[in-house]
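K.L.:
I am sharing input_22.cif, which consists of mmCIF, N, CA and C atoms:
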```cif
data_target
loop_
_atom_site.group_PDB
_atom_site.id
_atom_site.type_symbol
_atom_site.label_atom_id
_atom_site.label_comp_id
_atom_site.auth_asym_id
_atom_site.auth_seq_id
_atom_site.Cartn_x
_atom_site.Cartn_y
_atom_site.Cartn_z
ATOM 1 N N ARG A 1 -34.136 -3.548 39.523
ATOM 2 C CA ARG A 1 -34.104 -2.741 40.737
ATOM 3 C C ARG A 1 -33.939 -1.273 40.370
ATOM 4 N N ARG A 2 -34.756 -0.443 40.974
ATOM 5 C CA ARG A 2 -34.678 0.997 40.722
ATOM 6 C C ARG A 2 -33.670 1.639 41.657
ATOM 7 N N PRO A 3 -32.938 2.641 41.165
ATOM 8 C CA PRO A 3 -31.997 3.348 42.037
ATOM 9 C C PRO A 3 -32.751 4.196 43.044
ATOM 10 N N PRO A 4 -32.117 4.512 44.160
ATOM 11 C CA PRO A 4 -32.775 5.379 45.135
ATOM 12 C C PRO A 4 -33.126 6.727 44.515
ATOM 13 N N ARG A 5 -34.258 7.266 44.903
ATOM 14 C CA ARG A 5 -34.655 8.578 44.388
ATOM 15 C C ARG A 5 -33.641 9.636 44.762
ATOM 16 N N SER A 6 -32.931 9.426 45.850
ATOM 17 C CA SER A 6 -31.949 10.405 46.274
ATOM 18 C C SER A 6 -30.771 10.489 45.311
ATOM 19 N N THR A 7 -30.574 9.465 44.473
ATOM 20 C CA THR A 7 -29.507 9.529 43.483
ATOM 21 C C THR A 7 -29.793 10.636 42.488
ATOM 22 N N LEU A 8 -31.011 10.679 41.989
ATOM 23 C CA LEU A 8 -31.381 11.766 41.086
ATOM 24 C C LEU A 8 -31.410 13.092 41.824
ATOM 25 N N PHE A 9 -31.781 13.062 43.085
ATOM 26 C CA PHE A 9 -31.766 14.266 43.910
ATOM 27 C C PHE A 9 -30.355 14.839 44.018
ATOM 28 N N LEU A 10 -29.366 13.945 44.081
ATOM 29 C CA LEU A 10 -27.969 14.375 44.162
ATOM 30 C C LEU A 10 -27.647 15.298 43.004
ATOM 31 N N TYR A 11 -28.017 14.910 41.803
ATOM 32 C CA TYR A 11 -27.673 15.690 40.625
ATOM 33 C C TYR A 11 -28.401 17.032 40.599
ATOM 34 N N THR A 12 -29.680 17.024 40.899
ATOM 35 C CA THR A 12 -30.413 18.283 40.863
ATOM 36 C C THR A 12 -29.952 19.207 41.978
ATOM 37 N N THR A 13 -29.615 18.654 43.128
ATOM 38 C CA THR A 13 -29.128 19.464 44.237
ATOM 39 C C THR A 13 -27.808 20.127 43.886
ATOM 40 N N LEU A 14 -26.903 19.370 43.297
ATOM 41 C CA LEU A 14 -25.606 19.930 42.935
ATOM 42 C C LEU A 14 -25.761 21.067 41.943
ATOM 43 N N PHE A 15 -26.595 20.856 40.930
ATOM 44 C CA PHE A 15 -26.703 21.860 39.885
ATOM 45 C C PHE A 15 -27.462 23.093 40.354
ATOM 46 N N ARG A 16 -28.404 22.919 41.249
ATOM 47 C CA ARG A 16 -29.205 24.050 41.718
ATOM 48 C C ARG A 16 -28.599 24.730 42.936
ATOM 49 N N SER A 17 -27.532 24.173 43.458
ATOM 50 C CA SER A 17 -26.887 24.766 44.630
ATOM 51 C C SER A 17 -26.072 25.981 44.226
ATOM 52 N N ASN A 18 -25.383 26.535 45.183
ATOM 53 C CA ASN A 18 -24.602 27.742 44.946
ATOM 54 C C ASN A 18 -23.211 27.421 44.413
ATOM 55 N N PHE A 19 -23.165 26.605 43.375
ATOM 56 C CA PHE A 19 -21.884 26.239 42.784
ATOM 57 C C PHE A 19 -21.732 26.805 41.383
ATOM 58 N N GLN A 20 -22.464 27.874 41.052
ATOM 59 C CA GLN A 20 -22.392 28.441 39.716
ATOM 60 C C GLN A 20 -20.985 28.931 39.369
ATOM 61 N N LYS A 21 -20.205 29.271 40.384
ATOM 62 C CA LYS A 21 -18.841 29.717 40.107
ATOM 63 C C LYS A 21 -17.929 28.544 39.763
ATOM 64 N N THR A 22 -18.350 27.320 40.068
ATOM 65 C CA THR A 22 -17.551 26.128 39.823
ATOM 66 C C THR A 22 -18.135 25.263 38.717
ATOM 67 N N ILE A 23 -19.452 25.050 38.727
ATOM 68 C CA ILE A 23 -20.114 24.182 37.746
ATOM 69 C C ILE A 23 -20.592 25.004 36.563
ATOM 70 N N LYS A 24 -20.182 24.574 35.380
ATOM 71 C CA LYS A 24 -20.609 25.248 34.156
ATOM 72 C C LYS A 24 -21.886 24.635 33.598
ATOM 73 N N GLU A 25 -21.934 23.292 33.599
ATOM 74 C CA GLU A 25 -23.072 22.599 33.001
ATOM 75 C C GLU A 25 -23.156 21.185 33.557
ATOM 76 N N GLN A 26 -24.352 20.649 33.528
ATOM 77 C CA GLN A 26 -24.571 19.247 33.902
ATOM 78 C C GLN A 26 -25.331 18.597 32.765
ATOM 79 N N ARG A 27 -24.891 17.395 32.382
ATOM 80 C CA ARG A 27 -25.573 16.717 31.286
ATOM 81 C C ARG A 27 -25.551 15.208 31.511
ATOM 82 N N GLY A 28 -26.427 14.527 30.790
ATOM 83 C CA GLY A 28 -26.480 13.077 30.891
ATOM 84 C C GLY A 28 -27.902 12.596 31.009
ATOM 85 N N LEU A 29 -28.029 11.272 31.086
ATOM 86 C CA LEU A 29 -29.334 10.637 31.203
ATOM 87 C C LEU A 29 -29.343 9.711 32.402
ATOM 88 N N GLY A 30 -30.447 9.680 33.110
ATOM 89 C CA GLY A 30 -30.562 8.779 34.250
ATOM 90 C C GLY A 30 -29.466 9.003 35.265
ATOM 91 N N LEU A 31 -28.808 7.921 35.651
ATOM 92 C CA LEU A 31 -27.754 8.024 36.656
ATOM 93 C C LEU A 31 -26.405 8.391 36.053
ATOM 94 N N MET A 32 -26.235 8.200 34.754
ATOM 95 C CA MET A 32 -24.959 8.508 34.116
ATOM 96 C C MET A 32 -24.924 9.999 33.792
ATOM 97 N N ARG A 33 -24.070 10.718 34.510
ATOM 98 C CA ARG A 33 -24.017 12.168 34.365
ATOM 99 C C ARG A 33 -22.600 12.667 34.223
ATOM 100 N N GLY A 34 -22.504 13.802 33.610
ATOM 101 C CA GLY A 34 -21.250 14.531 33.543
ATOM 102 C C GLY A 34 -21.477 15.915 34.108
ATOM 103 N N ILE A 35 -20.583 16.353 34.958
ATOM 104 C CA ILE A 35 -20.660 17.703 35.516
ATOM 105 C C ILE A 35 -19.474 18.462 34.974
ATOM 106 N N GLN A 36 -19.744 19.410 34.078
ATOM 107 C CA GLN A 36 -18.669 20.195 33.494
ATOM 108 C C GLN A 36 -18.334 21.343 34.435
ATOM 109 N N LEU A 37 -17.073 21.410 34.799
ATOM 110 C CA LEU A 37 -16.593 22.464 35.679
ATOM 111 C C LEU A 37 -15.953 23.573 34.856
ATOM 112 N N LYS A 38 -15.774 24.712 35.465
ATOM 113 C CA LYS A 38 -15.126 25.829 34.778
ATOM 114 C C LYS A 38 -13.614 25.696 34.787
ATOM 115 N N ASP A 39 -13.089 24.815 35.640
ATOM 116 C CA ASP A 39 -11.654 24.564 35.722
ATOM 117 C C ASP A 39 -11.389 23.100 35.400
ATOM 118 N N LYS A 40 -10.099 22.749 35.289
ATOM 119 C CA LYS A 40 -9.727 21.351 35.060
ATOM 120 C C LYS A 40 -10.095 20.524 36.289
ATOM 121 N N VAL A 41 -10.445 19.269 36.048
ATOM 122 C CA VAL A 41 -11.000 18.426 37.111
ATOM 123 C C VAL A 41 -9.963 17.682 37.951
ATOM 124 N N GLY A 42 -8.706 17.716 37.565
ATOM 125 C CA GLY A 42 -7.680 16.937 38.261
ATOM 126 C C GLY A 42 -7.649 17.153 39.758
ATOM 127 N N SER A 43 -7.624 18.398 40.180
ATOM 128 C CA SER A 43 -7.547 18.682 41.623
ATOM 129 C C SER A 43 -8.839 18.299 42.339
ATOM 130 N N PHE A 44 -9.982 18.437 41.679
ATOM 131 C CA PHE A 44 -11.257 18.049 42.274
ATOM 132 C C PHE A 44 -11.297 16.542 42.510
ATOM 133 N N ILE A 45 -10.824 15.777 41.529
ATOM 134 C CA ILE A 45 -10.830 14.318 41.643
ATOM 135 C C ILE A 45 -9.928 13.866 42.786
ATOM 136 N N VAL A 46 -8.760 14.476 42.902
ATOM 137 C CA VAL A 46 -7.832 14.111 43.981
ATOM 138 C C VAL A 46 -8.450 14.417 45.345
ATOM 139 N N ARG A 47 -9.069 15.581 45.487
ATOM 140 C CA ARG A 47 -9.684 15.935 46.771
ATOM 141 C C ARG A 47 -10.857 15.011 47.112
ATOM 142 N N CYS A 48 -11.643 14.625 46.105
ATOM 143 C CA CYS A 48 -12.736 13.677 46.348
ATOM 144 C C CYS A 48 -12.179 12.322 46.766
ATOM 145 N N GLN A 49 -11.126 11.861 46.098
ATOM 146 C CA GLN A 49 -10.522 10.578 46.441
ATOM 147 C C GLN A 49 -9.959 10.602 47.858
ATOM 148 N N ASN A 50 -9.372 11.713 48.257
ATOM 149 C CA ASN A 50 -8.838 11.829 49.614
ATOM 150 C C ASN A 50 -9.924 11.721 50.673
ATOM 151 N N GLN A 51 -11.165 12.024 50.300
ATOM 152 C CA GLN A 51 -12.280 11.929 51.236
ATOM 153 C C GLN A 51 -13.091 10.646 51.036
ATOM 154 N N GLY A 52 -12.650 9.770 50.120
ATOM 155 C CA GLY A 52 -13.296 8.472 49.964
ATOM 156 C C GLY A 52 -14.270 8.343 48.811
ATOM 157 N N LEU A 53 -14.326 9.331 47.918
ATOM 158 C CA LEU A 53 -15.239 9.279 46.780
ATOM 159 C C LEU A 53 -14.431 9.127 45.500
ATOM 160 N N LEU A 54 -14.655 8.020 44.791
ATOM 161 C CA LEU A 54 -13.928 7.771 43.554
ATOM 162 C C LEU A 54 -14.701 8.325 42.363
ATOM 163 N N LEU A 55 -14.039 9.163 41.590
ATOM 164 C CA LEU A 55 -14.602 9.733 40.369
ATOM 165 C C LEU A 55 -13.595 9.557 39.253
ATOM 166 N N ILE A 56 -14.080 9.633 38.015
ATOM 167 C CA ILE A 56 -13.177 9.604 36.876
ATOM 168 C C ILE A 56 -13.486 10.796 35.975
ATOM 169 N N PRO A 57 -12.476 11.279 35.266
ATOM 170 C CA PRO A 57 -12.725 12.401 34.359
ATOM 171 C C PRO A 57 -13.330 11.907 33.047
ATOM 172 N N ALA A 58 -13.988 12.809 32.376
ATOM 173 C CA ALA A 58 -14.474 12.583 31.009
ATOM 174 C C ALA A 58 -14.026 13.809 30.221
ATOM 175 N N GLY A 59 -12.746 13.874 29.953
ATOM 176 C CA GLY A 59 -12.164 15.060 29.339
ATOM 177 C C GLY A 59 -11.468 15.892 30.403
ATOM 178 N N MET A 60 -11.048 17.073 30.026
ATOM 179 C CA MET A 60 -10.271 17.919 30.929
ATOM 180 C C MET A 60 -11.112 18.628 31.992
ATOM 181 N N THR A 61 -12.384 18.882 31.682
ATOM 182 C CA THR A 61 -13.197 19.683 32.599
ATOM 183 C C THR A 61 -14.486 19.009 33.054
ATOM 184 N N VAL A 62 -14.643 17.717 32.796
ATOM 185 C CA VAL A 62 -15.900 17.038 33.136
ATOM 186 C C VAL A 62 -15.657 15.919 34.145
ATOM 187 N N LEU A 63 -16.423 15.959 35.240
ATOM 188 C CA LEU A 63 -16.451 14.866 36.216
ATOM 189 C C LEU A 63 -17.511 13.878 35.758
ATOM 190 N N ARG A 64 -17.157 12.620 35.668
ATOM 191 C CA ARG A 64 -18.118 11.594 35.271
ATOM 192 C C ARG A 64 -18.660 10.925 36.526
ATOM 193 N N LEU A 65 -19.979 10.903 36.642
ATOM 194 C CA LEU A 65 -20.647 10.246 37.765
ATOM 195 C C LEU A 65 -21.455 9.083 37.220
ATOM 196 N N LEU A 66 -21.162 7.896 37.705
ATOM 197 C CA LEU A 66 -21.872 6.704 37.261
ATOM 198 C C LEU A 66 -22.006 5.739 38.429
ATOM 199 N N PRO A 67 -22.926 6.048 39.365
ATOM 200 C CA PRO A 67 -23.084 5.175 40.530
ATOM 201 C C PRO A 67 -23.724 3.851 40.146
ATOM 202 N N PRO A 68 -23.385 2.787 40.853
ATOM 203 C CA PRO A 68 -24.018 1.491 40.572
ATOM 204 C C PRO A 68 -25.487 1.500 40.987
ATOM 205 N N LEU A 69 -26.250 0.617 40.386
ATOM 206 C CA LEU A 69 -27.679 0.541 40.702
ATOM 207 C C LEU A 69 -27.939 0.099 42.131
ATOM 208 N N VAL A 70 -26.966 -0.524 42.773
ATOM 209 C CA VAL A 70 -27.151 -1.005 44.144
ATOM 210 C C VAL A 70 -26.726 0.038 45.179
ATOM 211 N N THR A 71 -26.535 1.275 44.752
ATOM 212 C CA THR A 71 -26.159 2.346 45.664
ATOM 213 C C THR A 71 -27.270 2.570 46.676
ATOM 214 N N THR A 72 -26.887 2.722 47.934
ATOM 215 C CA THR A 72 -27.879 2.940 48.996
ATOM 216 C C THR A 72 -28.044 4.432 49.263
ATOM 217 N N GLU A 73 -29.122 4.760 49.911
ATOM 218 C CA GLU A 73 -29.388 6.161 50.237
ATOM 219 C C GLU A 73 -28.295 6.780 51.110
ATOM 220 N N PRO A 74 -27.804 6.097 52.151
ATOM 221 C CA PRO A 74 -26.708 6.685 52.933
ATOM 222 C C PRO A 74 -25.442 6.931 52.093
ATOM 223 N N GLN A 75 -25.178 6.058 51.136
ATOM 224 C CA GLN A 75 -24.019 6.261 50.268
ATOM 225 C C GLN A 75 -24.197 7.503 49.390
ATOM 226 N N ILE A 76 -25.403 7.705 48.899
ATOM 227 C CA ILE A 76 -25.686 8.893 48.086
ATOM 228 C C ILE A 76 -25.519 10.154 48.918
ATOM 229 N N GLN A 77 -26.024 10.142 50.138
ATOM 230 C CA GLN A 77 -25.895 11.308 51.006
ATOM 231 C C GLN A 77 -24.427 11.599 51.315
ATOM 232 N N GLN A 78 -23.636 10.546 51.519
ATOM 233 C CA GLN A 78 -22.204 10.728 51.775
ATOM 234 C C GLN A 78 -21.514 11.298 50.545
ATOM 235 N N ALA A 79 -21.844 10.802 49.364
ATOM 236 C CA ALA A 79 -21.251 11.323 48.123
ATOM 237 C C ALA A 79 -21.617 12.783 47.920
ATOM 238 N N LEU A 80 -22.861 13.120 48.178
ATOM 239 C CA LEU A 80 -23.311 14.502 48.044
ATOM 240 C C LEU A 80 -22.566 15.408 49.008
ATOM 241 N N SER A 81 -22.393 14.959 50.213
ATOM 242 C CA SER A 81 -21.658 15.737 51.210
ATOM 243 C C SER A 81 -20.207 15.983 50.773
ATOM 244 N N ILE A 82 -19.549 14.943 50.257
ATOM 245 C CA ILE A 82 -18.162 15.089 49.803
ATOM 246 C C ILE A 82 -18.092 16.038 48.598
ATOM 247 N N LEU A 83 -19.000 15.853 47.636
ATOM 248 C CA LEU A 83 -18.995 16.728 46.458
ATOM 249 C C LEU A 83 -19.227 18.186 46.841
ATOM 250 N N LYS A 84 -20.179 18.426 47.726
ATOM 251 C CA LYS A 84 -20.446 19.796 48.161
ATOM 252 C C LYS A 84 -19.225 20.388 48.845
ATOM 253 N N ASN A 85 -18.587 19.600 49.695
ATOM 254 C CA ASN A 85 -17.402 20.047 50.421
ATOM 255 C C ASN A 85 -16.277 20.413 49.445
ATOM 256 N N VAL A 86 -16.039 19.559 48.466
ATOM 257 C CA VAL A 86 -14.942 19.780 47.522
ATOM 258 C C VAL A 86 -15.264 20.946 46.587
ATOM 259 N N LEU A 87 -16.492 21.019 46.090
ATOM 260 C CA LEU A 87 -16.839 22.083 45.160
ATOM 261 C C LEU A 87 -16.898 23.451 45.827
ATOM 262 N N SER A 88 -17.150 23.493 47.105
ATOM 263 C CA SER A 88 -17.224 24.788 47.800
ATOM 264 C C SER A 88 -15.869 25.260 48.296
ATOM 265 N N ALA A 89 -14.856 24.415 48.231
ATOM 266 C CA ALA A 89 -13.517 24.790 48.728
ATOM 267 C C ALA A 89 -12.801 25.695 47.750
#
```
Please re-express this file's structure in structure tokens.

P.N.:
Amino acid sequence: RRPPRSTLFLYTTLFRSNFQKTIKEQRGLGLMRGIQLKDKVGSFIVRCQNQGLLLIPAGMTVLRLLPPLVTTEPQIQQALSILKNVLSA
């Protein structure tokens, strides 16, 4: 089963959005991605969890994103909305 195209859209949207003051770099292959932030990720992870999005760190400044292959398009849109909200705060 192929992941929704919007999953890959999530990553390109985040990196190309106006988050240059927060996001330093994005790396990874396929759906497994790391978003390196300019600050420590602890507070970002807590704020995402408070809004219903579970993330894990990959070091002090990297958010690890690894959605399951059965992720639906509405779930991707919700995750993108939460990430945008948290990163813009």

K.L.:
Rounded to one decimal in Å, what is the spacing between atom CA of A:Leu66 and atom CA of A:Gly34?

P.N.:
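Rounded to one decimal, the two atoms are 8.7 Å apart.
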
K.L.:
Looking at A:Ile45, A:Met32, A:Leu69, A:Leu87, which one is nearest to A:Pro57, with distances taken over only N, CA and C atoms?

P.N.:
A:Ile45

K.L.:
Show me, as a VMD selection string, the residues that have an atom within 6.5 Å of A:Lys40 when counting all atoms listed in the file, minus same-chain residues fewer than 5 positions from it.

P.N.:
chain A and resid 60 to 62

K.L.:
Select from stretch 8-81 of chain A everything DSSP, run on the backbone, classes as strand (DSSP E or B), then give the selection as an mmCIF file with N, CA and C atoms, keeping the file's coordinate frame.

P.N.:
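Generated file (states_1.cif):
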```cif
data_model
loop_
_atom_site.group_PDB
_atom_site.id
_atom_site.type_symbol
_atom_site.label_atom_id
_atom_site.label_comp_id
_atom_site.auth_asym_id
_atom_site.auth_seq_id
_atom_site.Cartn_x
_atom_site.Cartn_y
_atom_site.Cartn_z
ATOM 1 N N ILE A 23 -19.452 25.050 38.727
ATOM 2 C CA ILE A 23 -20.114 24.182 37.746
ATOM 3 C C ILE A 23 -20.592 25.004 36.563
ATOM 4 N N LYS A 24 -20.182 24.574 35.380
ATOM 5 C CA LYS A 24 -20.609 25.248 34.156
ATOM 6 C C LYS A 24 -21.886 24.635 33.598
ATOM 7 N N GLU A 25 -21.934 23.292 33.599
ATOM 8 C CA GLU A 25 -23.072 22.599 33.001
ATOM 9 C C GLU A 25 -23.156 21.185 33.557
ATOM 10 N N GLN A 26 -24.352 20.649 33.528
ATOM 11 C CA GLN A 26 -24.571 19.247 33.902
ATOM 12 C C GLN A 26 -25.331 18.597 32.765
ATOM 13 N N ARG A 27 -24.891 17.395 32.382
ATOM 14 C CA ARG A 27 -25.573 16.717 31.286
ATOM 15 C C ARG A 27 -25.551 15.208 31.511
ATOM 16 N N GLY A 28 -26.427 14.527 30.790
ATOM 17 C CA GLY A 28 -26.480 13.077 30.891
ATOM 18 C C GLY A 28 -27.902 12.596 31.009
ATOM 19 N N LEU A 29 -28.029 11.272 31.086
ATOM 20 C CA LEU A 29 -29.334 10.637 31.203
ATOM 21 C C LEU A 29 -29.343 9.711 32.402
ATOM 22 N N MET A 32 -26.235 8.200 34.754
ATOM 23 C CA MET A 32 -24.959 8.508 34.116
ATOM 24 C C MET A 32 -24.924 9.999 33.792
ATOM 25 N N ARG A 33 -24.070 10.718 34.510
ATOM 26 C CA ARG A 33 -24.017 12.168 34.365
ATOM 27 C C ARG A 33 -22.600 12.667 34.223
ATOM 28 N N GLY A 34 -22.504 13.802 33.610
ATOM 29 C CA GLY A 34 -21.250 14.531 33.543
ATOM 30 C C GLY A 34 -21.477 15.915 34.108
ATOM 31 N N ILE A 35 -20.583 16.353 34.958
ATOM 32 C CA ILE A 35 -20.660 17.703 35.516
ATOM 33 C C ILE A 35 -19.474 18.462 34.974
ATOM 34 N N GLN A 36 -19.744 19.410 34.078
ATOM 35 C CA GLN A 36 -18.669 20.195 33.494
ATOM 36 C C GLN A 36 -18.334 21.343 34.435
ATOM 37 N N LEU A 37 -17.073 21.410 34.799
ATOM 38 C CA LEU A 37 -16.593 22.464 35.679
ATOM 39 C C LEU A 37 -15.953 23.573 34.856
ATOM 40 N N ILE A 56 -14.080 9.633 38.015
ATOM 41 C CA ILE A 56 -13.177 9.604 36.876
ATOM 42 C C ILE A 56 -13.486 10.796 35.975
ATOM 43 N N PRO A 57 -12.476 11.279 35.266
ATOM 44 C CA PRO A 57 -12.725 12.401 34.359
ATOM 45 C C PRO A 57 -13.330 11.907 33.047
ATOM 46 N N VAL A 62 -14.643 17.717 32.796
ATOM 47 C CA VAL A 62 -15.900 17.038 33.136
ATOM 48 C C VAL A 62 -15.657 15.919 34.145
ATOM 49 N N LEU A 63 -16.423 15.959 35.240
ATOM 50 C CA LEU A 63 -16.451 14.866 36.216
ATOM 51 C C LEU A 63 -17.511 13.878 35.758
ATOM 52 N N ARG A 64 -17.157 12.620 35.668
ATOM 53 C CA ARG A 64 -18.118 11.594 35.271
ATOM 54 C C ARG A 64 -18.660 10.925 36.526
ATOM 55 N N LEU A 65 -19.979 10.903 36.642
ATOM 56 C CA LEU A 65 -20.647 10.246 37.765
ATOM 57 C C LEU A 65 -21.455 9.083 37.220
#
```

K.L.:
I'd like the contact shell of A:Leu37 - 6 Å cut-off, only C-alpha atoms, skipping same-chain residues fewer than 5 positions apart - returned as an NGL selection string.

P.N.:
:A and (22-24 or 61)

K.L.:
Atom CA of A:Ser43 and atom CA of A:Ala89, how far apart in Å?

P.N.:
11.1 Å

K.L.:
Atom N of A:Ile35 and atom N of A:Ala58 are how many Å apart?

P.N.:
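Here the two named atoms are 7.9 Å from each other.
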
K.L.:
Give as a list in words the residues that the PyMOL selection byres (((chain A and resi 54 and name CA) around 12) and name CA) matches when applied to the coordinates above.

P.N.:
Phe44, Ile45, Val46, Arg47, Cys48, Gln49, Asn50, Gln51, Gly52, Leu53, Leu55, Ile56, Pro57, Leu63, Arg64, Leu65, Leu66, Pro67, Ala79, Ile82 and Leu83 of chain A
